[in-house]
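What follows is input-v3.pdb (PDB, C-alpha atoms and all ligand atoms).
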```pdb
MODEL        1
ATOM      1  CA  MET A   1      54.364  33.292  63.779
ATOM      2  CA  CYS A   2      57.346  35.495  64.040
ATOM      3  CA  ARG A   3      57.912  38.731  62.150
ATOM      4  CA  HIS A   4      61.113  39.451  60.266
ATOM      5  CA  LEU A   5      62.628  42.217  58.151
ATOM      6  CA  GLY A   6      65.661  42.573  55.899
ATOM      7  CA  TYR A   7      67.219  45.744  54.480
ATOM      8  CA  VAL A   8      69.974  46.528  51.979
ATOM      9  CA  GLY A   9      70.678  50.107  50.875
ATOM     10  CA  PRO A  10      72.356  53.319  51.992
ATOM     11  CA  VAL A  11      73.966  53.322  55.435
ATOM     12  CA  VAL A  12      71.330  53.875  58.118
ATOM     13  CA  PRO A  13      71.165  53.577  61.906
ATOM     14  CA  VAL A  14      70.623  49.883  62.696
ATOM     15  CA  GLY A  15      67.914  50.747  65.243
ATOM     16  CA  ASP A  16      66.014  52.706  62.588
ATOM     17  CA  LEU A  17      65.024  49.499  60.800
ATOM     18  CA  VAL A  18      63.439  48.177  64.000
ATOM     19  CA  LEU A  19      61.664  51.411  64.944
ATOM     20  CA  ARG A  20      60.779  52.844  61.512
ATOM     21  CA  GLY A  21      57.126  53.630  60.682
ATOM     22  CA  PRO A  22      53.817  53.580  62.543
ATOM     23  CA  HIS A  23      53.787  49.773  62.230
ATOM     24  CA  SER A  24      57.463  49.169  62.991
ATOM     25  CA  LEU A  25      58.925  45.730  63.642
ATOM     26  CA  ARG A  26      58.824  46.593  67.358
ATOM     27  CA  THR A  27      55.118  47.443  67.082
ATOM     28  CA  GLN A  28      54.555  44.195  65.173
ATOM     29  CA  SER A  29      55.861  42.349  68.236
ATOM     30  CA  TRP A  30      52.766  43.277  70.267
ATOM     31  CA  ALA A  31      50.270  44.280  67.535
ATOM     32  CA  PRO A  32      50.902  42.185  64.398
ATOM     33  CA  ARG A  33      48.213  42.594  61.735
ATOM     34  CA  ASP A  34      48.588  39.528  59.564
ATOM     35  CA  MET A  35      48.512  36.601  61.961
ATOM     36  CA  ARG A  36      48.016  33.270  60.229
ATOM     37  CA  GLY A  37      47.987  30.927  63.180
ATOM     38  CA  GLY A  38      50.663  29.814  65.591
ATOM     39  CA  GLY A  39      50.667  32.631  68.123
ATOM     40  CA  THR A  40      49.187  35.987  69.042
ATOM     41  CA  ILE A  41      52.130  38.244  69.826
ATOM     42  CA  ASN A  42      55.876  38.047  69.252
ATOM     43  CA  ALA A  43      57.104  38.366  72.826
ATOM     44  CA  ASP A  44      59.682  35.579  73.001
ATOM     45  CA  GLY A  45      62.741  37.625  72.225
ATOM     46  CA  PHE A  46      64.246  39.313  69.221
ATOM     47  CA  GLY A  47      67.469  39.772  67.329
ATOM     48  CA  VAL A  48      69.127  42.220  64.974
ATOM     49  CA  ALA A  49      72.057  41.459  62.641
ATOM     50  CA  TRP A  50      74.093  43.998  60.681
ATOM     51  CA  TRP A  51      77.179  44.011  58.506
ATOM     52  CA  VAL A  52      80.374  46.049  58.877
ATOM     53  CA  ASP A  53      83.163  45.657  56.300
ATOM     54  CA  GLY A  54      81.722  42.343  55.112
ATOM     55  CA  THR A  55      81.458  40.873  58.612
ATOM     56  CA  VAL A  56      78.067  40.155  60.144
ATOM     57  CA  THR A  57      77.411  40.642  63.846
ATOM     58  CA  ARG A  58      74.248  40.696  65.948
ATOM     59  CA  TYR A  59      72.450  41.575  69.142
ATOM     60  CA  ARG A  60      69.860  39.212  70.667
ATOM     61  CA  ASN A  61      67.684  39.141  73.768
ATOM     62  CA  ALA A  62      65.195  36.437  74.850
ATOM     63  CA  ASP A  63      62.959  39.073  76.486
ATOM     64  CA  PRO A  64      60.220  40.992  74.652
ATOM     65  CA  ILE A  65      61.701  43.664  72.391
ATOM     66  CA  TRP A  66      59.641  46.398  74.081
ATOM     67  CA  THR A  67      61.426  45.761  77.406
ATOM     68  CA  ASP A  68      64.951  46.305  76.068
ATOM     69  CA  PRO A  69      66.278  49.892  76.324
ATOM     70  CA  ALA A  70      69.166  49.015  73.955
ATOM     71  CA  VAL A  71      66.682  49.224  71.062
ATOM     72  CA  GLU A  72      66.335  52.978  71.567
ATOM     73  CA  GLU A  73      69.582  53.760  73.342
ATOM     74  CA  VAL A  74      72.240  51.635  71.604
ATOM     75  CA  LEU A  75      71.055  50.238  68.251
ATOM     76  CA  PRO A  76      70.401  53.749  66.803
ATOM     77  CA  GLN A  77      74.065  54.584  67.482
ATOM     78  CA  LEU A  78      75.252  51.773  65.170
ATOM     79  CA  THR A  79      75.176  52.126  61.403
ATOM     80  CA  SER A  80      75.179  49.701  58.491
ATOM     81  CA  HIS A  81      74.118  49.335  54.867
ATOM     82  CA  ALA A  82      72.366  46.021  55.641
ATOM     83  CA  VAL A  83      70.184  44.795  58.511
ATOM     84  CA  LEU A  84      68.240  41.595  59.191
ATOM     85  CA  ALA A  85      65.972  41.561  62.259
ATOM     86  CA  ALA A  86      63.284  39.333  63.777
ATOM     87  CA  VAL A  87      60.861  39.244  66.698
ATOM     88  CA  ARG A  88      59.986  35.745  67.941
ATOM     89  CA  SER A  89      56.822  33.930  68.923
ATOM     90  CA  ALA A  90      58.186  30.594  70.118
ATOM     91  CA  THR A  91      56.440  27.508  68.795
ATOM     92  CA  VAL A  92      54.838  25.487  71.612
ATOM     93  CA  GLY A  93      57.386  23.034  73.011
ATOM     94  CA  MET A  94      60.430  24.923  71.763
ATOM     95  CA  PRO A  95      62.864  26.557  74.210
ATOM     96  CA  LEU A  96      62.521  30.159  75.329
ATOM     97  CA  ASP A  97      66.154  30.894  74.996
ATOM     98  CA  ARG A  98      68.436  33.535  73.520
ATOM     99  CA  SER A  99      70.109  30.873  71.356
ATOM    100  CA  ALA A 100      66.722  30.214  69.704
ATOM    101  CA  CYS A 101      66.255  33.870  68.670
ATOM    102  CA  ALA A 102      66.868  34.777  65.033
ATOM    103  CA  PRO A 103      68.892  35.951  63.247
ATOM    104  CA  LEU A 104      71.096  32.872  63.231
ATOM    105  CA  LEU A 105      74.546  33.483  61.757
ATOM    106  CA  TRP A 106      77.180  31.583  59.828
ATOM    107  CA  ASP A 107      80.045  32.906  57.739
ATOM    108  CA  ARG A 108      78.718  36.133  56.167
ATOM    109  CA  TRP A 109      75.091  34.964  56.343
ATOM    110  CA  ALA A 110      72.178  35.886  58.594
ATOM    111  CA  PHE A 111      68.991  33.787  58.655
ATOM    112  CA  SER A 112      65.466  33.904  60.068
ATOM    113  CA  HIS A 113      62.568  31.419  59.911
ATOM    114  CA  ASN A 114      58.932  32.433  60.326
ATOM    115  CA  GLY A 115      56.822  29.305  60.705
ATOM    116  CA  VAL A 116      56.920  25.775  62.012
ATOM    117  CA  ILE A 117      57.879  22.334  60.720
ATOM    118  CA  PRO A 118      55.584  19.752  62.337
ATOM    119  CA  GLN A 119      57.534  16.742  63.637
ATOM    120  CA  TRP A 120      60.698  18.614  62.723
ATOM    121  CA  ARG A 121      63.146  16.001  64.011
ATOM    122  CA  THR A 122      61.604  13.281  61.826
ATOM    123  CA  VAL A 123      61.011  15.538  58.833
ATOM    124  CA  LEU A 124      64.460  17.153  58.773
ATOM    125  CA  THR A 125      66.141  13.765  59.225
ATOM    126  CA  ALA A 126      64.249  12.590  56.132
ATOM    127  CA  VAL A 127      65.263  15.763  54.288
ATOM    128  CA  LEU A 128      68.923  15.143  55.175
ATOM    129  CA  SER A 129      68.620  11.614  53.860
ATOM    130  CA  ASP A 130      67.160  12.870  50.549
ATOM    131  CA  LEU A 131      69.943  15.445  50.196
ATOM    132  CA  ASP A 132      72.540  12.772  50.895
ATOM    133  CA  VAL A 133      71.090  10.509  48.191
ATOM    134  CA  ALA A 134      71.132  13.432  45.745
ATOM    135  CA  ALA A 135      74.731  14.293  46.667
ATOM    136  CA  THR A 136      75.853  10.683  46.233
ATOM    137  CA  ARG A 137      74.117  10.435  42.843
ATOM    138  CA  ALA A 138      75.814  13.661  41.758
ATOM    139  CA  GLY A 139      79.202  12.247  42.744
ATOM    140  CA  LEU A 140      79.759  14.906  45.432
ATOM    141  CA  THR A 141      81.984  14.342  48.410
ATOM    142  CA  ARG A 142      79.921  16.374  50.862
ATOM    143  CA  ARG A 143      77.602  14.231  53.025
ATOM    144  CA  TYR A 144      74.277  15.172  54.602
ATOM    145  CA  GLU A 145      74.046  13.094  57.780
ATOM    146  CA  THR A 146      71.724  13.030  60.768
ATOM    147  CA  SER A 147      74.651  13.800  63.062
ATOM    148  CA  HIS A 148      74.904  17.245  61.504
ATOM    149  CA  LEU A 149      71.728  18.171  63.375
ATOM    150  CA  LEU A 150      73.846  18.102  66.553
ATOM    151  CA  GLU A 151      75.415  21.329  65.267
ATOM    152  CA  ALA A 152      72.112  23.178  65.772
ATOM    153  CA  GLU A 153      72.498  26.112  68.136
ATOM    154  CA  ALA A 154      69.095  25.465  69.754
ATOM    155  CA  GLN A 155      66.579  22.615  69.930
ATOM    156  CA  THR A 156      64.223  24.286  67.454
ATOM    157  CA  ASP A 157      63.046  23.556  63.928
ATOM    158  CA  SER A 158      64.593  26.874  62.824
ATOM    159  CA  ALA A 159      68.079  26.117  64.192
ATOM    160  CA  ALA A 160      68.038  22.621  62.644
ATOM    161  CA  LEU A 161      66.830  24.097  59.355
ATOM    162  CA  TRP A 162      69.752  26.522  59.446
ATOM    163  CA  VAL A 163      72.215  23.621  59.780
ATOM    164  CA  LEU A 164      70.838  22.164  56.535
ATOM    165  CA  LEU A 165      70.689  25.467  54.683
ATOM    166  CA  ARG A 166      74.192  26.577  55.601
ATOM    167  CA  ARG A 167      75.531  23.194  54.461
ATOM    168  CA  LEU A 168      73.875  23.834  51.092
ATOM    169  CA  LEU A 169      75.240  27.401  50.991
ATOM    170  CA  ASP A 170      78.810  26.330  51.713
ATOM    171  CA  PRO A 171      80.367  26.200  48.237
ATOM    172  CA  GLU A 172      81.748  22.806  47.330
ATOM    173  CA  PRO A 173      84.144  22.813  44.389
ATOM    174  CA  PRO A 174      83.595  22.252  41.567
ATOM    175  CA  ALA A 175      79.810  22.287  42.104
ATOM    176  CA  GLY A 176      77.583  21.471  45.052
ATOM    177  CA  LEU A 177      73.930  20.495  45.238
ATOM    178  CA  ALA A 178      72.945  24.156  44.912
ATOM    179  CA  GLU A 179      74.755  26.700  42.774
ATOM    180  CA  THR A 180      73.150  29.813  44.273
ATOM    181  CA  PRO A 181      71.389  30.836  47.495
ATOM    182  CA  GLY A 182      68.133  30.756  45.521
ATOM    183  CA  THR A 183      68.607  27.176  44.356
ATOM    184  CA  ALA A 184      69.612  26.168  47.894
ATOM    185  CA  LEU A 185      66.374  27.646  49.266
ATOM    186  CA  ARG A 186      64.295  26.049  46.505
ATOM    187  CA  LEU A 187      65.832  22.615  47.054
ATOM    188  CA  LEU A 188      65.379  22.865  50.815
ATOM    189  CA  ILE A 189      61.781  24.098  50.749
ATOM    190  CA  THR A 190      60.562  21.641  48.116
ATOM    191  CA  THR A 191      62.192  18.731  49.972
ATOM    192  CA  ILE A 192      60.673  19.832  53.305
ATOM    193  CA  VAL A 193      57.198  20.299  51.812
ATOM    194  CA  HIS A 194      57.491  16.881  50.144
ATOM    195  CA  HIS A 195      57.837  15.316  53.607
ATOM    196  CA  ALA A 196      55.600  17.788  55.484
ATOM    197  CA  PRO A 197      52.980  19.370  53.187
ATOM    198  CA  ASP A 198      51.680  21.493  56.070
ATOM    199  CA  ALA A 199      55.101  22.961  56.929
ATOM    200  CA  ARG A 200      55.168  26.747  57.313
ATOM    201  CA  VAL A 201      58.518  27.901  56.029
ATOM    202  CA  ASN A 202      58.946  31.607  55.396
ATOM    203  CA  LEU A 203      62.716  31.944  55.336
ATOM    204  CA  LEU A 204      64.746  35.167  55.158
ATOM    205  CA  LEU A 205      68.426  35.129  54.254
ATOM    206  CA  GLY A 206      70.937  37.962  53.827
ATOM    207  CA  ASP A 207      74.652  38.283  53.086
ATOM    208  CA  GLY A 208      74.972  42.050  53.479
ATOM    209  CA  ASN A 209      74.547  42.720  49.747
ATOM    210  CA  ALA A 210      71.243  41.076  48.856
ATOM    211  CA  LEU A 211      68.236  39.347  50.418
ATOM    212  CA  TRP A 212      66.622  36.016  49.610
ATOM    213  CA  ALA A 213      63.307  34.820  51.012
ATOM    214  CA  THR A 214      60.603  32.215  50.660
ATOM    215  CA  THR A 215      56.878  32.534  51.251
ATOM    216  CA  CYS A 216      55.266  29.325  52.378
ATOM    217  CA  TYR A 217      52.057  30.060  54.348
ATOM    218  CA  HIS A 218      53.004  33.320  56.115
ATOM    219  CA  SER A 219      52.919  36.898  54.808
ATOM    220  CA  LEU A 220      55.805  38.815  53.207
ATOM    221  CA  SER A 221      55.956  42.225  51.548
ATOM    222  CA  ALA A 222      58.634  43.988  49.514
ATOM    223  CA  LEU A 223      59.581  47.634  49.126
ATOM    224  CA  VAL A 224      62.267  47.975  46.469
ATOM    225  CA  THR A 225      63.528  51.214  44.903
ATOM    226  CA  ASP A 226      66.638  52.124  42.936
ATOM    227  CA  ASP A 227      68.323  52.905  46.256
ATOM    228  CA  PHE A 228      67.242  50.215  48.682
ATOM    229  CA  ALA A 229      65.468  46.879  49.105
ATOM    230  CA  ILE A 230      63.351  45.808  52.065
ATOM    231  CA  LEU A 231      61.555  42.519  52.654
ATOM    232  CA  ALA A 232      59.276  42.441  55.696
ATOM    233  CA  SER A 233      56.596  40.146  57.117
ATOM    234  CA  GLU A 234      54.362  43.234  57.330
ATOM    235  CA  PRO A 235      54.816  46.733  55.827
ATOM    236  CA  TYR A 236      55.921  49.187  58.512
ATOM    237  CA  ASP A 237      54.100  52.126  56.895
ATOM    238  CA  ASP A 238      51.510  52.926  54.202
ATOM    239  CA  ASP A 239      53.993  53.668  51.391
ATOM    240  CA  PRO A 240      52.065  52.672  48.224
ATOM    241  CA  ARG A 241      55.197  51.040  46.780
ATOM    242  CA  TRP A 242      54.930  48.053  49.167
ATOM    243  CA  GLN A 243      53.979  44.868  47.305
ATOM    244  CA  ALA A 244      52.435  41.865  49.009
ATOM    245  CA  LEU A 245      54.290  38.800  47.691
ATOM    246  CA  PRO A 246      52.343  35.709  46.601
ATOM    247  CA  ASP A 247      52.411  32.541  48.666
ATOM    248  CA  ARG A 248      54.864  29.814  47.580
ATOM    249  CA  SER A 249      57.384  32.253  46.155
ATOM    250  CA  LEU A 250      61.153  32.399  46.054
ATOM    251  CA  VAL A 251      62.259  36.033  46.293
ATOM    252  CA  HIS A 252      65.580  37.742  45.569
ATOM    253  CA  ALA A 253      65.865  41.447  46.337
ATOM    254  CA  GLU A 254      68.594  44.047  46.128
ATOM    255  CA  PRO A 255      68.546  47.790  45.409
ATOM    256  CA  GLY A 256      66.935  48.267  41.990
ATOM    257  CA  ALA A 257      65.798  44.665  41.525
ATOM    258  CA  LEU A 258      63.093  42.377  42.840
ATOM    259  CA  HIS A 259      62.807  38.864  41.396
ATOM    260  CA  ILE A 260      59.913  36.593  42.280
ATOM    261  CA  GLU A 261      59.725  32.961  41.174
ATOM    262  CA  SER A 262      57.088  30.397  41.919
ATOM    263  CA  LEU A 263      58.170  27.628  44.279
ATOM    264  CA  GLU A 264      55.663  25.304  42.626
ATOM    265  CA  MET A 265      57.750  25.114  39.468
ATOM    266  CA  ALA A 266      60.181  22.292  38.966
ATOM    267  CA  GLU A 267      62.852  24.515  37.488
ATOM    268  CA  SER A 268      63.957  27.948  38.625
ATOM    269  CA  THR A 269      62.417  29.838  35.731
ATOM    270  CA  SER A 270      61.524  33.408  36.570
ATOM    271  CA  THR A 271      57.762  33.987  36.410
ATOM    272  CA  GLU A 272      57.869  37.597  37.378
ATOM    273  CA  SER A 273      60.715  40.003  37.633
ATOM    274  CA  LEU A 274      60.841  43.673  38.234
ATOM    275  CA  THR A 275      64.000  45.526  37.430
ATOM    276  CA  ARG A 276      63.933  49.240  37.995
TER     277      ARG A 276
HETATM  278  N1  LIG A 301      59.393  27.619  65.033
HETATM  279  C1  LIG A 301      60.248  28.752  65.228
HETATM  280  C2  LIG A 301      60.560  28.988  66.699
HETATM  281  O1  LIG A 301      59.929  28.491  67.571
HETATM  282  C3  LIG A 301      59.655  30.019  64.604
HETATM  283  C4  LIG A 301      58.370  30.366  65.251
HETATM  284  C5  LIG A 301      57.548  31.375  64.541
HETATM  285  O2  LIG A 301      57.680  31.694  63.363
HETATM  286  N2  LIG A 301      56.594  31.859  65.269
HETATM  287  O3  LIG A 301      61.467  29.711  66.977
ENDMDL
END
```
Please lay out the structure from this file as C-alpha cells.
Ligand code: GLN
Amino acid sequence: MCRHLGYVGPVVPVGDLVLRGPHSLRTQSWAPRDMRGGGTINADGFGVAWWVDGTVTRYRNADPIWTDPAVEEVLPQLTSHAVLAAVRSATVGMPLDRSACAPLLWDRWAFSHNGVIPQWRTVLTAVLSDLDVAATRAGLTRRYETSHLLEAEAQTDSAALWVLLRRLLDPEPPAGLAETPGTALRLLITTIVHHAPDARVNLLLGDGNALWATTCYHSLSALVTDDFAILASEPYDDDPRWQALPDRSLVHAEPGALHIESLEMAESTSTESLTR
C-alpha cells in the first residue's frame, strides 16, 4: 500500500496539496484509514511532482515524509496548477531507495503505482511479449522487448511498469497500440491482470492538465468541481463532494469533468460520466 494524490486546478502552493486537511497525505503516511493489505504505514519515502510552463519537476526523499523539514519549509514556497504526490510503503523485497519513490517522470508525465505485481519480472516480461505480438499484428514498427526493462529506474514492479506505460504513451505515427492515455492504461492493466489475476494496480498518471487513474484492488476517491480536480487514495477532509470510486475503474479527471469507465469491459465505452 502506498497513498497517492493528484491535483489540477488554480495555482496553489505545492506543499499545500501534501499538508491540506485533517487527513492530509502526510497524515496518511503514518495513519492511513483504508489499508487493504501490503503494509501498515507509508514510511519508505515520498515524492512530489509539479509542473511549471509545461515542464514537470519533482522532489523525492527515501526517508519518512514526517522527518523532512522541506515539506513545511520549502514546498509551500513553490506554486503550480498541477501536483502529483505519493508516500511509499515498499513492497517486501523491493529496494528502499530514492529512485524507487514515486512520482516517476518521463517527458511531461508523472506516474505513481499503489499496489504490487506478484512475480513482476515474469509477469511484465509476458506482458511485453503480448504487446509485441499486438504491435507486430498491427504492422507497427515499435517493439516491446524484454531488454526495455533494463531502462527501469529502480528494481521495483512500479519502475518496470512505468517503462511499459511510457512506451505506450509515446506517440507513434500514424497510430500506436494506444491512441490515448486512457487506452494505454486499459491495455496495460487488462494485460497484466490476464497474467496475474491477483495483481494490485492502482495507477495515477498526470500531464499537468489532466489526471488518469485506475482502481484495481486499492481505494481511490475523487473531488471534482468546476475549478479543480483531485484524485486521492483517501479523502484528506470530510467535504461531502468526495466520491469513492468503484474497484476496477479507469478514471479521467480534469476541472469540471470526471469520467469513470469499467475496466471489465472489452471496449472503452463510458459507463458513467459526470460533467459539471
Ligand atoms: N510495489 C511498489 C513499491 O514497492 C508500490 C508499493 C505500494 O503500493 N505499497 O514501491
Notebook entry, point to check: Of the candidates A:Gly115, A:Gly208, A:Pro103, A:Pro32, which one gets nearest to Arg60 in chain A if we count all atoms listed in the file?
Noted result: A:Pro103
Quick one: 6 Å padding each side, axis-aligned, all listed atoms of ligand LIG 301 (chain A) - centre and edge lengths in Å to one decimal, as AutoDock Vina command-line options?
```
--center_x 59.0 --center_y 29.7 --center_z 65.5 --size_x 16.9 --size_y 16.2 --size_z 16.2
```
Checklist line | Point-to-point distance in Å for CA of Ile230 in chain A and CA of Pro246 in chain A | finding: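 Calculated distance between CA of Pro246 in chain A and CA of Ile230 in chain A is 15.9 Å.
Here the PyMOL selection byres (((chain A and resi 226) around 12) and not hetatm) captures the residues Val8, Gly9, Pro10, Leu223, Val224, Thr225, Asp227, Phe228, Ala229, Ile230, Ala253, Glu254, Pro255, Gly256, Ala257, Leu258, Leu274, Thr275 and Arg276 of chain A.
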Margin query: To check your reading of the model: which residues sit at most 8 Å from ligand LIG 301 (chain A) when counting all atoms listed in the file? Write the answer as a list in words.
Written below: Met1, Cys2, Arg3, Gly38, Gly39, Asn42, Arg88, Ser89, Ala90, Thr91, Val92, Met94, Pro95, Ala100, Cys101, Ala102, His113, Asn114, Gly115, Val116, Ile117, Thr156, Asp157 and Ser158 of chain A
Next item on the list: Convert the output of the PyMOL selection byres (((chain A and resi 26-31) around 9) and not hetatm) on the shown file into explicit residues, formatted as a PyMOL selection string.
Entry: chain A and resi 2-3+18-20+22-25+32-33+40-43+46+64-66+87-89+234+236
Next item on the list: Report as a ChimeraX atom specification the residues that result from applying the PyMOL selection byres (((chain A and resi 135) around 12) and not hetatm) to the structure here.
Entry: /A:128-134,136-145,167-168,172,175-178
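Going from CA of Asp44 in chain A to CA of Thr190 in chain A covers 28.5 Å.
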Checklist line | Atom pair CA of Asp207 in chain A / CA of Pro13 in chain A: separation (Å) | finding: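 Value for the CA of Asp207 in chain A-CA of Pro13 in chain A distance: 18.0 Å.
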Check: Counting all atoms listed in the file, which residues come within 12 Å of (79.3, 42.7, 65.2), with the point read in the file's coordinates, and could you list them as a count of residues only?
Finding: 22
Next item on the list: For Gln119 in chain A, list every protein, DNA or RNA residue within 10 Å, evaluated using all atoms listed in the file, and leave out those in the same chain fewer than 3 positions away; present the list as a PyMOL selection string.
Entry: chain A and resi 116+122-124+157+196+199
Margin query: From the options A:His194, A:Arg36, A:His148, A:His4, which residue's atoms come nearest to Ser112 in chain A, counting all atoms listed in the file?
Written below: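 Using all atoms listed in the file, Ser112 in chain A sits closest to A:His4.
Distances here use all atoms listed in the file; by that measure, the residue among A:Ala85, A:Pro69, A:Asp237, A:Ile192 closest to Leu5 in chain A is A:Ala85.
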Checklist line | Which of A:Pro181, A:Pro235, A:Gly93, A:Gly45 sits closest to Pro118 in chain A [using all atoms listed in the file] | finding: A:Gly93
Note to self: Here is a test: counting only C-alpha atoms, which residue of A:Ala159, A:Ala210, A:Ala126, A:Leu263 is nearest to Thr183 in chain A?
What the structure shows: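 Looking only at the distances to Thr183 in chain A, the closest residue turns out to be A:Leu263.
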What does range 246-259 of chain A look like written to a file with N, CA and C atoms, as a PDB file, in the first residue's frame?
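Saved as part.pdb:
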```
ATOM      1  N   PRO A 246     -15.434   3.180  -7.764  1.00  0.00           N
ATOM      2  CA  PRO A 246     -15.571   1.718  -7.720  1.00  0.00           C
ATOM      3  C   PRO A 246     -14.279   1.003  -8.126  1.00  0.00           C
ATOM      4  N   ASP A 247     -14.124  -0.206  -7.606  1.00  0.00           N
ATOM      5  CA  ASP A 247     -12.964  -1.010  -7.981  1.00  0.00           C
ATOM      6  C   ASP A 247     -13.055  -1.353  -9.465  1.00  0.00           C
ATOM      7  N   ARG A 248     -11.895  -1.600 -10.070  1.00  0.00           N
ATOM      8  CA  ARG A 248     -11.782  -1.950 -11.495  1.00  0.00           C
ATOM      9  C   ARG A 248     -12.346  -0.852 -12.384  1.00  0.00           C
ATOM     10  N   SER A 249     -11.905   0.377 -12.099  1.00  0.00           N
ATOM     11  CA  SER A 249     -12.320   1.519 -12.911  1.00  0.00           C
ATOM     12  C   SER A 249     -11.120   2.162 -13.591  1.00  0.00           C
ATOM     13  N   LEU A 250     -11.433   2.791 -14.727  1.00  0.00           N
ATOM     14  CA  LEU A 250     -10.487   3.663 -15.416  1.00  0.00           C
ATOM     15  C   LEU A 250     -11.048   5.073 -15.277  1.00  0.00           C
ATOM     16  N   VAL A 251     -10.265   5.986 -14.741  1.00  0.00           N
ATOM     17  CA  VAL A 251     -10.764   7.310 -14.364  1.00  0.00           C
ATOM     18  C   VAL A 251      -9.991   8.382 -15.119  1.00  0.00           C
ATOM     19  N   HIS A 252     -10.721   9.392 -15.594  1.00  0.00           N
ATOM     20  CA  HIS A 252     -10.113  10.561 -16.230  1.00  0.00           C
ATOM     21  C   HIS A 252     -10.720  11.777 -15.564  1.00  0.00           C
ATOM     22  N   ALA A 253      -9.881  12.647 -15.021  1.00  0.00           N
ATOM     23  CA  ALA A 253     -10.410  13.805 -14.284  1.00  0.00           C
ATOM     24  C   ALA A 253      -9.682  15.071 -14.705  1.00  0.00           C
ATOM     25  N   GLU A 254     -10.453  16.130 -14.850  1.00  0.00           N
ATOM     26  CA  GLU A 254      -9.908  17.469 -15.047  1.00  0.00           C
ATOM     27  C   GLU A 254     -10.946  18.439 -14.496  1.00  0.00           C
ATOM     28  N   PRO A 255     -10.596  19.709 -14.308  1.00  0.00           N
ATOM     29  CA  PRO A 255     -11.587  20.632 -13.742  1.00  0.00           C
ATOM     30  C   PRO A 255     -12.889  20.597 -14.534  1.00  0.00           C
ATOM     31  N   GLY A 256     -14.002  20.346 -13.837  1.00  0.00           N
ATOM     32  CA  GLY A 256     -15.312  20.324 -14.475  1.00  0.00           C
ATOM     33  C   GLY A 256     -15.730  18.989 -15.040  1.00  0.00           C
ATOM     34  N   ALA A 257     -14.874  17.977 -15.004  1.00  0.00           N
ATOM     35  CA  ALA A 257     -15.243  16.697 -15.627  1.00  0.00           C
ATOM     36  C   ALA A 257     -14.584  15.512 -14.932  1.00  0.00           C
ATOM     37  N   LEU A 258     -15.427  14.522 -14.638  1.00  0.00           N
ATOM     38  CA  LEU A 258     -14.931  13.262 -14.084  1.00  0.00           C
ATOM     39  C   LEU A 258     -15.561  12.132 -14.892  1.00  0.00           C
ATOM     40  N   HIS A 259     -14.736  11.319 -15.538  1.00  0.00           N
ATOM     41  CA  HIS A 259     -15.234  10.208 -16.342  1.00  0.00           C
ATOM     42  C   HIS A 259     -14.754   8.911 -15.715  1.00  0.00           C
TER      43      HIS A 259
END
```
